[in-house]
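Visitor: Input structure: work06.txt, which contains compact mmCIF, C-alpha atoms.
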# COMPACT_ATOMS: atom_id res chain seq x y z
CA MET Q 1487 1.20 -6.38 19.74
CA THR Q 1488 -1.86 -8.61 19.74
CA ALA Q 1489 -5.27 -7.73 18.38
CA SER Q 1490 -6.61 -7.39 21.93
CA ALA Q 1491 -5.37 -3.80 22.11
CA GLY Q 1492 -7.35 -2.77 19.03
CA THR Q 1493 -10.42 -4.62 20.26
CA GLY Q 1494 -10.05 -2.97 23.63
CA VAL Q 1495 -10.07 0.48 22.00
CA PHE Q 1496 -13.27 -0.39 20.13
CA VAL Q 1497 -14.97 -1.50 23.36
CA PHE Q 1498 -13.51 1.52 25.12
CA SER Q 1499 -15.04 3.88 22.55
CA LEU Q 1500 -18.48 2.34 23.09
CA MET Q 1501 -18.20 3.08 26.80
CA SER Q 1502 -18.93 6.70 25.91
CA ILE Q 1503 -22.61 5.78 25.54
CA PRO Q 1504 -23.27 4.80 29.20
CA ILE Q 1505 -20.79 7.43 30.43
CA CYS Q 1506 -22.65 10.21 28.62
CA TYR Q 1507 -25.97 9.01 29.98
CA LEU Q 1508 -24.71 8.73 33.57
CA PHE Q 1509 -22.98 12.09 33.52
CA ASN Q 1510 -26.01 13.78 32.02
CA SER Q 1511 -28.25 12.24 34.68
CA PHE Q 1512 -26.18 12.67 37.85
CA ILE Q 1513 -23.50 15.30 37.30
CA SER Q 1514 -24.33 18.98 36.89
CA THR Q 1515 -20.83 20.49 37.11
CA PHE Q 1516 -19.22 20.41 33.71
CA PHE Q 1517 -15.66 20.89 35.00
CA PHE Q 1518 -16.01 17.94 37.34
CA THR Q 1519 -17.51 15.93 34.52
CA GLY Q 1520 -14.55 16.65 32.28
CA CYS Q 1521 -11.99 15.78 34.95
CA THR Q 1522 -13.80 12.56 35.80
CA THR Q 1523 -13.96 11.60 32.13
CA VAL Q 1524 -10.22 12.13 31.67
CA LEU Q 1525 -9.51 10.07 34.78
CA ILE Q 1526 -11.72 7.21 33.57
CA LEU Q 1527 -10.08 7.33 30.16
CA ALA Q 1528 -6.60 7.15 31.63
CA ILE Q 1529 -7.40 4.29 34.00
CA THR Q 1530 -9.23 2.29 31.35
CA ALA Q 1531 -6.47 2.76 28.77
CA ARG Q 1532 -3.83 1.67 31.28
CA PHE Q 1533 -5.86 -1.38 32.26
CA MET Q 1534 -6.34 -2.45 28.63
CA LEU Q 1535 -2.68 -2.03 27.70
CA LYS Q 1536 -0.96 -3.13 30.88
CA ARG Q 1537 0.60 -6.17 29.19
CA LYS Q 1538 2.20 -4.48 26.19
CA ALA Q 1539 1.78 -0.82 25.38
CA PRO Q 1540 2.06 0.26 21.72
CA ILE Q 1541 5.19 2.07 20.58
CA ASP Q 1542 3.38 4.56 18.37
CA PRO Q 1543 2.00 7.39 20.56
CA LEU Q 1544 -0.73 8.08 17.99
CA PHE Q 1545 -2.38 4.87 19.18
CA PHE Q 1546 -3.40 6.64 22.39
CA VAL Q 1547 -4.42 9.78 20.52
CA TYR Q 1548 -6.70 7.86 18.16
CA ALA Q 1549 -8.10 5.82 21.06
CA VAL Q 1550 -9.25 9.01 22.79
CA TYR Q 1551 -10.48 10.45 19.49
CA ALA Q 1552 -12.52 7.31 18.82
CA PHE Q 1553 -14.17 7.79 22.21
CA LEU Q 1554 -14.94 11.42 21.38
CA SER Q 1555 -16.26 10.46 17.94
CA VAL Q 1556 -18.94 8.30 19.51
CA VAL Q 1557 -19.78 11.24 21.78
CA ASN Q 1558 -20.16 13.46 18.71
CA LEU Q 1559 -22.46 10.90 17.12
CA ILE Q 1560 -24.58 10.95 20.28
CA ILE Q 1561 -24.67 14.76 20.09
CA GLY Q 1562 -25.92 14.65 16.50
CA LEU Q 1563 -28.57 12.06 17.28
CA GLU Q 1564 -29.85 13.98 20.30
CA GLN Q 1565 -29.95 17.25 18.38
CA ASP Q 1566 -32.19 15.57 15.82
CA ASN Q 1567 -34.39 14.17 18.63
CA ILE Q 1568 -33.58 10.58 17.73
CA ILE Q 1569 -32.35 9.94 21.28
CA ASP Q 1570 -32.77 11.96 24.46
CA GLU Q 1571 -31.17 12.62 27.86
CA PHE Q 1572 -27.62 11.68 26.83
CA VAL Q 1573 -25.90 15.05 26.31
CA THR Q 1574 -28.67 17.51 27.22
CA PHE Q 1575 -26.50 19.28 29.78
CA TYR Q 1576 -23.59 19.60 27.35
CA LEU Q 1577 -25.80 21.14 24.67
CA LYS Q 1578 -26.84 23.86 27.13
CA VAL Q 1579 -23.25 24.96 27.79
CA ALA Q 1580 -21.67 24.11 24.41
CA ASP Q 1581 -20.64 26.69 21.83
CA PRO Q 1582 -23.70 27.93 19.85
CA TYR Q 1583 -21.99 26.70 16.69
CA ILE Q 1584 -22.78 23.09 17.64
CA ASN Q 1585 -26.52 23.79 17.35
CA THR Q 1586 -26.38 25.01 13.77
CA ALA Q 1587 -27.12 22.76 10.80
CA HIS Q 1588 -23.45 22.83 9.90
CA GLY Q 1589 -22.56 21.79 13.44
CA HIS Q 1590 -24.99 18.87 13.06
CA MET Q 1591 -23.17 17.69 9.96
CA ILE Q 1592 -19.78 17.99 11.67
CA SER Q 1593 -21.07 15.81 14.52
CA TYR Q 1594 -22.31 13.13 12.13
CA TRP Q 1595 -19.12 13.24 10.06
CA ASP Q 1596 -16.90 12.87 13.11
CA GLY Q 1597 -19.14 10.22 14.63
CA CYS Q 1598 -19.18 8.08 11.49
CA LEU Q 1599 -16.35 8.74 9.02
CA HIS Q 1600 -13.68 9.93 11.45
CA TYR Q 1601 -14.61 7.11 13.81
CA LEU Q 1602 -14.07 4.59 11.02
CA MET Q 1603 -10.70 6.17 10.16
CA TYR Q 1604 -9.58 6.01 13.79
CA LEU Q 1605 -10.48 2.34 14.05
CA LEU Q 1606 -8.66 1.54 10.80
CA MET Q 1607 -5.53 3.39 11.91
CA ILE Q 1608 -5.64 1.72 15.32
CA ALA Q 1609 -5.96 -1.67 13.60
CA ALA Q 1610 -2.97 -0.84 11.39
CA ILE Q 1611 -0.88 0.18 14.41
CA THR Q 1612 -1.93 -2.99 16.20
CA TRP Q 1613 -0.77 -5.22 13.34
CA GLY Q 1614 2.31 -3.14 12.51
CA ASP Q 1615 1.03 -2.02 9.10
CA SER Q 1616 1.35 1.39 7.47
CA TYR Q 1617 -1.58 3.75 7.91
CA ARG Q 1618 -0.12 6.73 6.06
CA ALA Q 1619 -2.77 6.70 3.32
CA ILE Q 1620 -5.69 6.66 5.75
CA GLY Q 1621 -3.87 9.17 7.91
CA LEU Q 1622 -3.44 11.66 5.06
CA TYR Q 1623 -7.14 11.35 4.20
CA TRP Q 1624 -7.92 12.13 7.84
CA VAL Q 1625 -5.46 15.05 7.79
CA GLY Q 1626 -7.37 16.70 4.94
CA SER Q 1627 -10.72 16.12 6.62
CA PHE Q 1628 -9.49 17.38 9.99
CA LEU Q 1629 -7.88 20.52 8.55
CA MET Q 1630 -11.10 21.45 6.77
CA CYS Q 1631 -13.12 20.94 9.96
CA ALA Q 1632 -10.65 22.86 12.11
CA ILE Q 1633 -10.28 25.88 9.84
CA VAL Q 1634 -14.03 26.30 9.34
CA TYR Q 1635 -14.68 25.80 13.06
CA ILE Q 1636 -12.18 28.48 14.11
CA LEU Q 1637 -13.31 30.99 11.51
CA GLY Q 1638 -17.00 30.24 12.09
CA ASN Q 1639 -16.64 30.92 15.82
CA ALA Q 1640 -14.47 33.99 15.37
CA VAL Q 1641 -16.75 35.91 12.99
CA GLY Q 1642 -20.45 36.56 12.77
CA LYS Q 1643 -22.89 36.61 15.66
CA TYR Q 1644 -21.10 33.75 17.46
CA GLY Q 1645 -17.83 35.67 17.69
CA THR Q 1646 -18.93 37.15 21.02
CA HIS Q 1647 -19.95 33.78 22.50
CA VAL Q 1648 -16.51 32.19 22.67
CA GLY Q 1649 -16.27 30.38 26.02
CA PRO Q 1650 -14.02 27.92 27.88
CA LEU Q 1651 -15.06 25.06 25.60
CA PHE Q 1652 -13.46 26.89 22.69
CA LEU Q 1653 -10.13 26.65 24.51
CA LEU Q 1654 -10.60 22.89 24.87
CA HIS Q 1655 -11.19 22.68 21.14
CA VAL Q 1656 -7.97 24.64 20.58
CA LEU Q 1657 -6.16 22.00 22.66
CA TYR Q 1658 -7.76 19.29 20.54
CA ILE Q 1659 -6.65 21.08 17.37
CA SER Q 1660 -3.09 21.47 18.69
CA VAL Q 1661 -2.77 17.75 19.44
CA SER Q 1662 -4.27 16.93 16.06
CA LEU Q 1663 -1.75 19.16 14.28
CA TRP Q 1664 1.05 17.28 16.02
CA ALA Q 1665 -0.54 14.04 14.79
CA CYS Q 1666 -0.67 15.47 11.25
CA PHE Q 1667 3.07 16.15 11.26
CA ARG Q 1668 3.77 12.63 12.51
CA ILE Q 1669 1.70 11.17 9.69
CA PHE Q 1670 3.50 13.25 7.08
CA SER Q 1671 6.85 12.10 8.48
CA GLN Q 1672 6.06 8.43 7.92
CA PRO Q 1673 7.81 6.81 4.93
CA THR Q 1674 5.82 6.22 1.78
CA THR Q 1675 5.04 2.70 0.62
CA ARG Q 1676 4.54 3.39 -3.10
CA ASP Q 1677 6.63 1.29 -5.45
CA ALA Q 1678 6.71 0.33 -9.11
CA GLN Q 1679 9.02 -1.41 -11.55
CA PRO Q 1680 11.67 0.88 -13.12
CA THR Q 1681 10.56 -0.15 -16.60
CA SER Q 1682 6.93 0.76 -15.91
CA ILE Q 1683 8.01 4.14 -14.50
CA GLN Q 1684 10.00 4.92 -17.63
CA GLU Q 1685 7.24 3.78 -19.95
CA ALA Q 1686 4.59 5.76 -18.10
CA GLY Q 1687 6.76 8.88 -18.12
CA LYS Q 1688 7.08 8.76 -21.91
CA LYS Q 1689 3.31 8.88 -22.47
CA SER Q 1690 1.81 12.28 -23.03
CA LEU Q 1691 -1.55 13.31 -21.65
CA LEU Q 1692 -3.24 12.54 -24.97
CA HIS Q 1693 -2.07 8.93 -24.72
CA ARG Q 1694 -3.57 8.53 -21.23
CA PRO Q 1695 -7.35 8.71 -21.80
CA LEU Q 1696 -8.29 8.45 -18.13
CA ASP Q 1697 -5.91 11.21 -17.09
CA LEU Q 1698 -7.17 13.31 -19.99
CA LEU Q 1699 -10.72 12.98 -18.68
CA PHE Q 1700 -9.57 14.02 -15.22
CA PHE Q 1701 -7.72 17.00 -16.73
CA ILE Q 1702 -10.83 18.08 -18.63
CA TYR Q 1703 -12.90 17.75 -15.45
CA LEU Q 1704 -10.50 19.95 -13.47
CA VAL Q 1705 -11.17 22.98 -15.68
CA PRO Q 1706 -14.93 23.31 -14.94
CA ALA Q 1707 -14.33 22.11 -11.36
CA PHE Q 1708 -11.96 25.02 -10.81
CA ALA Q 1709 -14.48 27.46 -12.29
CA PHE Q 1710 -17.30 25.99 -10.19
CA CYS Q 1711 -15.21 26.14 -7.02
CA VAL Q 1712 -14.13 29.75 -7.48
CA PHE Q 1713 -17.45 31.07 -8.71
CA ARG Q 1714 -19.37 29.32 -5.96
CA GLY Q 1715 -17.08 30.85 -3.37
CA LEU Q 1716 -17.50 34.31 -4.85
CA VAL Q 1717 -21.30 34.01 -5.01
CA ARG Q 1718 -21.47 32.75 -1.43
CA ASN Q 1719 -19.39 35.71 -0.28
CA GLY Q 1720 -21.59 38.38 -1.83
CA CYS Q 1721 -20.75 38.60 -5.54
CA HIS Q 1722 -23.68 40.31 -7.30
CA THR Q 1723 -23.62 39.90 -11.08
CA ILE Q 1724 -25.97 38.52 -13.71
CA LEU Q 1725 -23.89 35.35 -13.97
CA ALA Q 1726 -23.97 35.02 -10.20
CA SER Q 1727 -27.76 35.21 -10.23
CA VAL Q 1728 -27.98 32.50 -12.90
CA PHE Q 1729 -25.53 30.36 -10.97
CA LEU Q 1730 -27.58 30.87 -7.82
CA ILE Q 1731 -30.74 29.68 -9.56
CA LEU Q 1732 -29.15 26.64 -11.24
CA PHE Q 1733 -26.99 25.33 -8.41
CA TRP Q 1734 -28.58 27.02 -5.40
CA THR Q 1735 -25.46 28.31 -3.73
CA VAL Q 1736 -27.26 29.60 -0.65
CA PRO Q 1737 -26.61 33.28 0.17
CA ALA Q 1738 -24.77 34.20 3.33
CA ASN Q 1739 -26.90 33.58 6.39
CA VAL Q 1740 -26.66 35.12 9.81
CA THR Q 1741 -24.30 32.48 11.23
CA HIS Q 1742 -21.51 33.10 8.70
CA ILE Q 1743 -20.66 29.40 9.00
CA CYS Q 1744 -21.62 28.68 5.39
CA VAL Q 1745 -19.68 31.72 4.21
CA CYS Q 1746 -16.56 30.43 5.95
CA GLN Q 1747 -17.13 26.95 4.52
CA MET Q 1748 -17.34 28.18 0.94
CA LEU Q 1749 -14.44 30.61 1.35
CA VAL Q 1750 -12.17 27.94 2.83
CA SER Q 1751 -13.25 25.44 0.14
CA MET Q 1752 -12.42 27.95 -2.58
CA LEU Q 1753 -8.99 28.73 -1.15
CA TYR Q 1754 -8.39 25.03 -0.43
CA SER Q 1755 -9.52 23.52 -3.74
CA GLY Q 1756 -8.77 26.33 -6.20
CA PRO Q 1757 -4.96 26.10 -6.02
CA TYR Q 1758 -5.20 22.30 -5.83
CA TYR Q 1759 -6.92 22.06 -9.21
CA ILE Q 1760 -4.22 24.14 -10.86
CA ILE Q 1761 -1.41 22.15 -9.24
CA THR Q 1762 -3.10 18.88 -10.18
CA MET Q 1763 -3.32 19.93 -13.83
CA TYR Q 1764 0.44 20.41 -13.75
CA GLY Q 1765 0.93 17.03 -12.05
CA LEU Q 1766 -1.11 15.24 -14.72
CA ILE Q 1767 1.03 16.74 -17.50
CA VAL Q 1768 4.56 16.58 -16.08
CA PRO Q 1769 5.83 13.10 -15.06
CA GLY Q 1770 7.65 12.45 -11.82
CA CYS Q 1771 5.53 14.61 -9.49
CA GLU Q 1772 5.84 12.30 -6.50
CA TRP Q 1773 3.77 14.60 -4.30
CA MET Q 1774 0.64 13.96 -6.40
CA PRO Q 1775 -0.68 10.85 -4.57
CA ASP Q 1776 -0.27 12.48 -1.15
CA LEU Q 1777 -1.83 15.72 -2.35
CA THR Q 1778 -4.87 13.95 -3.80
CA LEU Q 1779 -5.38 12.08 -0.52
CA VAL Q 1780 -5.34 15.24 1.58
CA HIS Q 1781 -7.63 17.10 -0.81
CA SER Q 1782 -10.05 14.18 -1.16
CA GLY Q 1783 -10.51 14.04 2.60
CA ALA Q 1784 -11.01 17.79 2.83
CA LEU Q 1785 -13.45 17.93 -0.08
CA ALA Q 1786 -15.49 14.97 1.16
CA GLN Q 1787 -15.89 16.60 4.56
CA ALA Q 1788 -16.73 20.02 3.10
CA GLN Q 1789 -19.28 18.65 0.64
CA PHE Q 1790 -20.92 16.46 3.26
CA SER Q 1791 -21.38 19.50 5.49
CA HIS Q 1792 -22.51 21.73 2.62
CA ILE Q 1793 -25.05 19.28 1.21
CA GLY Q 1794 -26.37 18.23 4.59
CA ALA Q 1795 -26.65 21.77 5.96
CA SER Q 1796 -28.41 22.97 2.78
CA LEU Q 1797 -31.12 20.34 3.27
CA HIS Q 1798 -31.30 20.16 7.07
CA THR Q 1799 -34.39 21.39 8.89
CA ARG Q 1800 -32.30 23.51 11.26
CA THR Q 1801 -31.37 25.70 8.30
CA PRO Q 1802 -33.96 28.51 7.96
CA PHE Q 1803 -36.49 27.66 5.27
CA THR Q 1804 -35.50 30.60 3.07
CA TYR Q 1805 -31.91 29.31 2.94
CA ARG Q 1806 -32.71 25.68 2.16
CA VAL Q 1807 -32.55 24.15 -1.30
CA PRO Q 1808 -36.05 24.40 -2.84
CA ALA Q 1809 -37.78 21.13 -3.67
CA ASP Q 1810 -37.75 21.75 -7.42
CA GLY Q 1811 -33.97 22.34 -7.41
CA GLN Q 1812 -32.84 19.47 -5.21
CA GLN Q 1813 -32.13 17.05 -8.05
CA VAL Q 1814 -29.79 19.43 -9.86
CA PHE Q 1815 -28.21 20.49 -6.57
CA LEU Q 1816 -27.52 16.89 -5.54
CA LEU Q 1817 -26.33 15.82 -8.99
CA VAL Q 1818 -23.79 18.64 -9.31
CA ASN Q 1819 -22.50 18.45 -5.76
CA VAL Q 1820 -22.26 14.65 -5.65
CA LEU Q 1821 -20.39 14.66 -8.95
CA TYR Q 1822 -18.12 17.41 -7.63
CA THR Q 1823 -17.40 15.17 -4.62
CA VAL Q 1824 -16.98 11.78 -6.27
CA VAL Q 1825 -14.64 12.60 -9.17
CA PRO Q 1826 -11.76 13.78 -6.94
CA GLN Q 1827 -12.11 10.53 -4.97
CA ALA Q 1828 -11.74 8.62 -8.24
CA LEU Q 1829 -8.67 10.69 -9.15
CA CYS Q 1830 -7.17 9.90 -5.75
CA TYR Q 1831 -7.83 6.19 -6.29
CA ARG Q 1832 -6.17 6.34 -9.71
CA CYS Q 1833 -3.05 8.04 -8.30
CA HIS Q 1834 -2.62 5.35 -5.65
CA THR Q 1835 -3.42 2.24 -7.68
CA GLN Q 1836 -1.35 3.29 -10.72
CA PRO Q 1837 1.38 5.62 -9.39
CA ALA Q 1838 4.04 4.85 -12.02
CA PHE Q 1839 3.58 8.15 -13.91
CA PHE Q 1840 4.10 10.13 -10.70
CA LEU Q 1841 7.27 8.30 -9.63
CA ARG Q 1842 10.83 9.01 -10.68
CA PRO Q 1843 13.40 6.34 -11.56
CA THR Q 1844 15.85 5.49 -8.81
CA ALA Q 1845 18.73 6.70 -10.96
CA ASP Q 1846 17.26 10.21 -11.11
CA LYS Q 1847 16.87 10.31 -7.33
CA LYS Q 1848 20.47 9.23 -6.78
CA ALA Q 1849 21.68 11.86 -9.25
CA GLU Q 1850 19.97 14.58 -7.25
Rewrite the coordinates I just gave you, this time as structure tokens.

Guide:
Amino acid sequence: MTASAGTGVFVFSLMSIPICYLFNSFISTFFFTGCTTVLILAITARFMLKRKAPIDPLFFVYAVYAFLSVVNLIIGLEQDNIIDEFVTFYLKVADPYINTAHGHMISYWDGCLHYLMYLLMIAAITWGDSYRAIGLYWVGSFLMCAIVYILGNAVGKYGTHVGPLFLLHVLYISVSLWACFRIFSQPTTRDAQPTSIQEAGKKSLLHRPLDLLFFIYLVPAFAFCVFRGLVRNGCHTILASVFLILFWTVPANVTHICVCQMLVSMLYSGPYYIITMYGLIVPGCEWMPDLTLVHSGALAQAQFSHIGASLHTRTPFTYRVPADGQQVFLLVNVLYTVVPQALCYRCHTQPAFFLRPTADKKAE
């Protein structure tokens, strides 16, 4: 396949800008708008790929998702009054969740980071390269978004406002889950010399200074993750009050979105930290690189939403991070976000300790 297919998808995704503006200006029926959009997408995709269609069906999925990512970026920009008259009609009929500060952050994340991931995976498919690593990072990010979205719309004051658009999001989630399974089924590309695998497996944690630092970090990270989740979900103790003052874990607000975010993050990251401690001690845990990729994507998305929503003007003033606590809040949360990304990078650039010799695999 030539590079024209990937370039065509990029141009195709940018078509969402004039399409959104035209639909917002001239079309008032949302159902007709959706049907027309799908028809335009199908015709355009067929026109771009009429010479040689890609074999991987995820190419088409990511092409549509790239289009929708630009739409989400437009939604975020219009909600913040940076642009106007692009998706005004959609915002009137959309789920109320989209107008919360957390919904703002989801729009920006999907419009920027997810959009970049889609383009990278489309480029890899175009050139016949593996995109499993980027795909697993996207899997973690998507799962975090999807779980919080479903729970956030099912509980709280928005639980009674579930409309037809929620069903469309369920369809989007179903297709995305199918894409997740396809990514997991792709073969791994990790490799190392047998001698380096054996040598790395003989080193204890004390003889691997970098891994020792990561192990030490995981202990307070686990405590921070669990305690933050408990405080956010209504834990009332003296320690919780101190934690609330130092790190400003905002109490539950009326939307319940932040409660769901912290609860899912606690249940998502808590077990991961324990499993990762085991993987850093015992050699041959081949699932470690994949696990760190999925968790890094999920944590990056969750922290982006948490930090952004805690500072956003759409969050009620009483729930925002106070000015005198923003430096500590940002320092702790950025550190909590960056270190797992570094651990993920270490597992993929130096995977020898996590691989098993070929002889052991054949014996099994």

Visitor: Measuring between only C-alpha atoms, which one of Q:Glu1685, Q:Gly1492, Q:Ser1791, Q:Phe1701 shows the shortest distance to Tyr1604 of chain Q?

Guide: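 Checking each candidate against Tyr1604 of chain Q, we get Q:Gly1492 as the closest.
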
Visitor: Tell me, in Å to one decimal, how far atom CA of Gly1811 of chain Q is from atom CA of Ile1592 of chain Q.

Guide: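 Distance reported for this atom pair: 24.2 Å.
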
Visitor: What does the distance from atom CA of Tyr1831 of chain Q to atom CA of Thr1778 of chain Q come to in Å, to one decimal?

Guide: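 Calculated distance between atom CA of Tyr1831 of chain Q and atom CA of Thr1778 of chain Q is 8.7 Å.
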
Visitor: Using 5 Å of padding on each side, determine the axis-aligned box around all atoms of segment 1693-1709 of chain Q present in the file and give its centre and edge lengths in Å to one decimal, as AutoDock Vina command-line options.

Guide:
--center_x -8.5 --center_y 18.0 --center_z -17.8 --size_x 22.9 --size_y 29.0 --size_z 23.9

Visitor: What's around segment 1559-1564 of chain Q at 7 Å? Count only C-alpha atoms, leave out sequence neighbours fewer than 2 positions away in its own chain, and write the answer as number ranges by chain.

Guide: Q: 1555-1557, 1566-1570, 1573, 1590, 1593-1594, 1597

Visitor: Output the selection as a JSON list (two decimals), keeping the file's coordinate frame - C-alpha atoms for each residue.

Guide:
[["chain", "number", "residue", "atom", "x", "y", "z"],
["Q", 1555, "SER", "CA", -16.26, 10.46, 17.94],
["Q", 1556, "VAL", "CA", -18.94, 8.30, 19.51],
["Q", 1557, "VAL", "CA", -19.78, 11.24, 21.78],
["Q", 1566, "ASP", "CA", -32.19, 15.57, 15.82],
["Q", 1567, "ASN", "CA", -34.39, 14.17, 18.63],
["Q", 1568, "ILE", "CA", -33.58, 10.58, 17.73],
["Q", 1569, "ILE", "CA", -32.35, 9.94, 21.28],
["Q", 1570, "ASP", "CA", -32.77, 11.96, 24.46],
["Q", 1573, "VAL", "CA", -25.90, 15.05, 26.31],
["Q", 1590, "HIS", "CA", -24.99, 18.87, 13.06],
["Q", 1593, "SER", "CA", -21.07, 15.81, 14.52],
["Q", 1594, "TYR", "CA", -22.31, 13.13, 12.13],
["Q", 1597, "GLY", "CA", -19.14, 10.22, 14.63]]

Visitor: Name the closest residue to Thr1674 of chain Q among the candidates Q:Tyr1617, Q:Phe1815, Q:Phe1545, Q:Phe1498; distances are taken between atoms, counting all atoms listed in the file.

Guide: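 Closest candidate: Q:Tyr1617.
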
Visitor: From the list Q:Val1745, Q:Ala1788, Q:Leu1766, Q:Met1630, which residue is nearest Phe1839 of chain Q when using all atoms listed in the file?

Guide: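 Closest candidate: Q:Leu1766.
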
Visitor: Which residues, written as a ChimeraX atom specification, have at least one atom at most 12 Å from Phe1553 of chain Q, with only C-alpha atoms counted and residues fewer than 5 positions away on the same chain left out?

Guide: /Q:1494-1506,1523-1524,1526-1527,1530-1531,1546-1548,1558-1560,1596-1598,1600-1602,1604-1605

Visitor: Calculate how many Å separate atom CA of Ala1491 of chain Q from atom CA of Val1625 of chain Q, rounding to one decimal.

Guide: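 Calculated distance between atom CA of Ala1491 of chain Q and atom CA of Val1625 of chain Q is 23.7 Å.
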
Visitor: In terms of the shortest atom-to-atom distance over all atoms listed in the file, which of Q:Val1641, Q:Cys1833, Q:Met1752, Q:Ala1686 is closest to Pro1769 of chain Q?

Guide: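 Ranking Q:Val1641, Q:Cys1833, Q:Met1752, Q:Ala1686 by distance to Pro1769 of chain Q, first place goes to Q:Ala1686.
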
Visitor: Using only C-alpha atoms, which of Q:Val1818, Q:Ile1541, Q:Val1705, Q:Leu1797 sits nearest Thr1762 of chain Q?

Guide: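 Closest to Thr1762 of chain Q of all the choices is Q:Val1705.
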